[in-house]
Amino acid sequence: MSQGSSHAGERADTGLHRVVVIVDAHSNPFELGCATEVFGLRRPEIGRELYDFRLCSPEPRTLMRDGFFTLTGVAGLDAADEADTLIVPNRPDVEVPRRPAVLAAIRRAHARGARLLGFCSGAFTLAEAGVLDGRRATAHWQWADSFRARFPSVRLEPDVLFVDDGDILTAAGSAAALDLGLHVVRRDHGAEVANAVSRRLVFAAHRDGGQRQFVERPVPDLPEESLAPLLAWAQERLGSPLAVPELAARAAVSPATLHRRFRAQLGTTPLAWLTGERVALACRLLERGEARLDVVARSSGLGTAANLRALMHRQTGLSPSAYRRRFGPAAG
């Protein structure tokens with residue numbers, strides 16, 4: 001299977017942030033697909049390209065997980081030395097050491113300040129390279145004990161979707177790779193662009209990294225009513241005095257039942273979901289040019305400018321004014 005990217009041959013002169021994925025023997029195809037979907041596709045719906053994307057491998061032919069297919073026609077491992085963001089390989093055999101050449105490429109990237117991403121068992125690769133010592137990270141829940149035993153110096157957070165530790169980010173499992181990828185797009189290009197990418201993926205625009213890795217009852221004995229209609233209703237009313245009791249009343253259930261359904265279906269609480277949606281709306285308003293923080297806070301349902309500042313900094317790492325400078329109409 002040849003790479004065949006539509007970006008091939010254009011990378012040297014794009015000037016775009018370069019994302020490189022290392023694909024090693026027995027890598028998982030799903031995470032590779034997630035990286036390609038988020039970072040590698042053209043974005044005509046946005047009107048501009050977001051990233052310069054390529055794959056690389058230490059071997060000319062790379063056999064993927066369980067021999068599903070062989071990957072050929074990608075760049076050599078030296079392409080990792082040109083990455084602004086390097087996505088490291090993952091694979092199901094977490095106890096098997098990674099290639100020394102791959103680990104060396106990761107260390108070089110980290111030393112020169114590249115951003116590192118690990119999807120699922122990619123956290124093992126990063127830890128084996130030694131770049132996670134003393135750092136926060138997550139990994140798939142089924143490997144948490146093994147990870148702690150092998151890498152006790154890493155601050156593992158095993159019950160979250162992803163961890164953003166600045167220049168090193170890790171996602172817990174396969175689907176969480178999409179959550180982390182969209183989080184990175186949001187960091188790089190703002191909420192509006194991340195929402196556009198998520199719409200093309202037909203995927204949730206924002207699931208906070210602190211949400212749980214798995215729901216309480218993935219296959220319930222009796223199906224509960226989907227939260228989707230309630231979420232759509234609430235998203236149209238974020239600027240109104242909407243709180244958990246109003247959500248429960250709309251769903252015709254008690255607050256306790258609503259809390260249980262949110263935990264079961266979304267892995268979070270109603271209040272956390274509502275706050276995250278309001279911060280995302282505030283980000284979009286700032287990107288569209290609204291400079292009055294009291295208007296942004298009121299329109300997004302966050303109440304006061306002080307509350308807006310606190311919650312935006314907690315979720316984005318930026319103050320509202322810094323966010324507007326970075327992603328507003330005059331940015332770039």
# chains A, B, ... in the order shown; residues from 1 in each chain; ligands from 1
>>> residues_around(residues="Glu277 (chain A)", least_positions_apart="5", cutoff="9 Å", atoms="only C-alpha atoms", output="list in words")
His206, Gln235, Leu238, Ala272, Ala282 and Ser300 of chain A
>>> write_last_selection(atoms="C-alpha atoms", output="PDB file, in the first residue's frame")
ATOM      1  CA  HIS A 206     -15.186  18.749  21.907  1.00  0.00           C
ATOM      2  CA  GLN A 235     -26.555  24.022  22.612  1.00  0.00           C
ATOM      3  CA  LEU A 238     -26.179  28.303  26.115  1.00  0.00           C
ATOM      4  CA  ALA A 272     -18.888  19.719  33.084  1.00  0.00           C
ATOM      5  CA  ALA A 282     -16.970  31.919  24.042  1.00  0.00           C
ATOM      6  CA  SER A 300     -21.971  32.239  26.222  1.00  0.00           C
TER       7      SER A 300
END
>>> residues_around(residues="Ala176 (chain A)", least_positions_apart="2", cutoff="10 Å", atoms="only C-alpha atoms", output="list in words")
Glu31, Cys34, Phe119, Cys120, His140, Val160, Leu161, Phe162, Thr170, Ala171, Ala172, Gly173, Ser174, Leu178, Asp179, Leu180, Gly181, Leu182, Arg207, Gly209 and Gln213 of chain A
>>> closest_residue(among="A:Arg250, A:Arg199, A:Arg298, A:Arg115", to="Ile87 (chain A)", atoms="only C-alpha atoms")
A:Arg115
>>> closest_residue(among="A:Thr85, A:Ser57, A:Ser121, A:Gln265", to="Asn28 (chain A)", atoms="only C-alpha atoms")
A:Ser121
>>> residues_around(residues="Thr70 (chain A)", least_positions_apart="5", cutoff="10 Å", atoms="only C-alpha atoms", output="list of chain:residue names")
A:Met1, A:Ser2, A:Ala25, A:His26, A:Pro60, A:Arg61, A:Thr62, A:Leu63, A:Met64, A:Arg65
>>> residues_around(residues="Pro329 (chain A)", least_positions_apart="4", cutoff="7 Å", atoms="only C-alpha atoms", output="list in words")
Glu287, Arg288 and Gly289 of chain A
>>> select_by_dssp(residues="region 85-223 of chain A", states="helix (DSSP H, G or I)", output="ChimeraX atom specification")
/A:100-111,122-129,141-150,176-189,191-201
>>> atom_distance(atom1="CA of Gly33 (chain A)", atom2="CA of Ala232 (chain A)")
28.4 Å
>>> closest_residue(among="A:Asp24, A:Asp164, A:Asp52, A:Glu82", to="Gly122 (chain A)", atoms="only C-alpha atoms")
A:Asp24
>>> residues_around(residues="Val94 (chain A)", least_positions_apart="6", cutoff="10 Å", atoms="only C-alpha atoms", output="list in words")
Ser121, Gly122, Ala123, Phe124, Thr125, Trp143, Ser146 and Phe147 of chain A
>>> atom_distance(atom1="CA of Leu55 (chain A)", atom2="CA of Glu128 (chain A)")
21.2 Å
>>> residues_around(residues="Arg136 (chain A)", least_positions_apart="6", cutoff="8 Å", atoms="only C-alpha atoms", output="ChimeraX atom specification")
/A:154-157,163,165
>>> decode(residues="region 223-240 of chain A", atoms="N, CA, C and O atoms", output="short mmCIF file (atom, residue, chain, number, x, y, z; two decimals), in the first residue's frame")
data_model
loop_
_atom_site.label_atom_id
_atom_site.label_comp_id
_atom_site.auth_asym_id
_atom_site.auth_seq_id
_atom_site.Cartn_x
_atom_site.Cartn_y
_atom_site.Cartn_z
N PRO A 223 -32.16 -0.25 26.90
CA PRO A 223 -31.67 0.98 26.30
C PRO A 223 -32.28 2.22 26.94
O PRO A 223 -33.48 2.28 27.17
N GLU A 224 -31.45 3.19 27.26
CA GLU A 224 -31.92 4.45 27.78
C GLU A 224 -32.07 5.44 26.63
O GLU A 224 -31.42 5.31 25.59
N GLU A 225 -32.90 6.42 26.83
CA GLU A 225 -33.11 7.43 25.80
C GLU A 225 -31.80 8.16 25.51
O GLU A 225 -31.08 8.55 26.42
N SER A 226 -31.51 8.36 24.24
CA SER A 226 -30.30 9.06 23.84
C SER A 226 -30.32 10.48 24.36
O SER A 226 -31.37 11.15 24.39
N LEU A 227 -29.15 10.98 24.74
CA LEU A 227 -29.02 12.36 25.17
C LEU A 227 -28.94 13.34 24.00
O LEU A 227 -28.99 14.55 24.22
N ALA A 228 -28.81 12.85 22.78
CA ALA A 228 -28.57 13.72 21.63
C ALA A 228 -29.61 14.84 21.49
O ALA A 228 -29.23 16.01 21.30
N PRO A 229 -30.92 14.56 21.57
CA PRO A 229 -31.88 15.66 21.46
C PRO A 229 -31.73 16.71 22.55
O PRO A 229 -31.85 17.92 22.30
N LEU A 230 -31.44 16.26 23.79
CA LEU A 230 -31.25 17.20 24.88
C LEU A 230 -30.01 18.06 24.65
O LEU A 230 -30.04 19.28 24.87
N LEU A 231 -28.93 17.45 24.18
CA LEU A 231 -27.70 18.20 23.94
C LEU A 231 -27.92 19.25 22.85
O LEU A 231 -27.46 20.39 22.98
N ALA A 232 -28.62 18.87 21.78
CA ALA A 232 -28.89 19.82 20.71
C ALA A 232 -29.75 20.98 21.21
O ALA A 232 -29.51 22.14 20.87
N TRP A 233 -30.74 20.67 22.04
CA TRP A 233 -31.60 21.70 22.60
C TRP A 233 -30.78 22.66 23.47
O TRP A 233 -30.93 23.88 23.38
N ALA A 234 -29.91 22.11 24.30
CA ALA A 234 -29.12 22.93 25.20
C ALA A 234 -28.12 23.80 24.43
O ALA A 234 -27.87 24.96 24.80
N GLN A 235 -27.54 23.26 23.37
CA GLN A 235 -26.55 24.02 22.61
C GLN A 235 -27.16 25.26 21.96
O GLN A 235 -26.44 26.22 21.68
N GLU A 236 -28.46 25.25 21.73
CA GLU A 236 -29.13 26.42 21.18
C GLU A 236 -29.47 27.45 22.25
O GLU A 236 -29.94 28.55 21.93
N ARG A 237 -29.23 27.14 23.52
CA ARG A 237 -29.65 28.01 24.62
C ARG A 237 -28.54 28.24 25.63
O ARG A 237 -28.79 28.49 26.80
N LEU A 238 -27.30 28.19 25.19
CA LEU A 238 -26.18 28.30 26.12
C LEU A 238 -26.13 29.66 26.79
O LEU A 238 -25.64 29.79 27.92
N GLY A 239 -26.63 30.68 26.13
CA GLY A 239 -26.61 32.02 26.71
C GLY A 239 -27.71 32.28 27.71
O GLY A 239 -27.70 33.30 28.39
N SER A 240 -28.64 31.38 27.83
CA SER A 240 -29.75 31.54 28.77
C SER A 240 -29.35 30.98 30.13
O SER A 240 -28.38 30.24 30.25
#
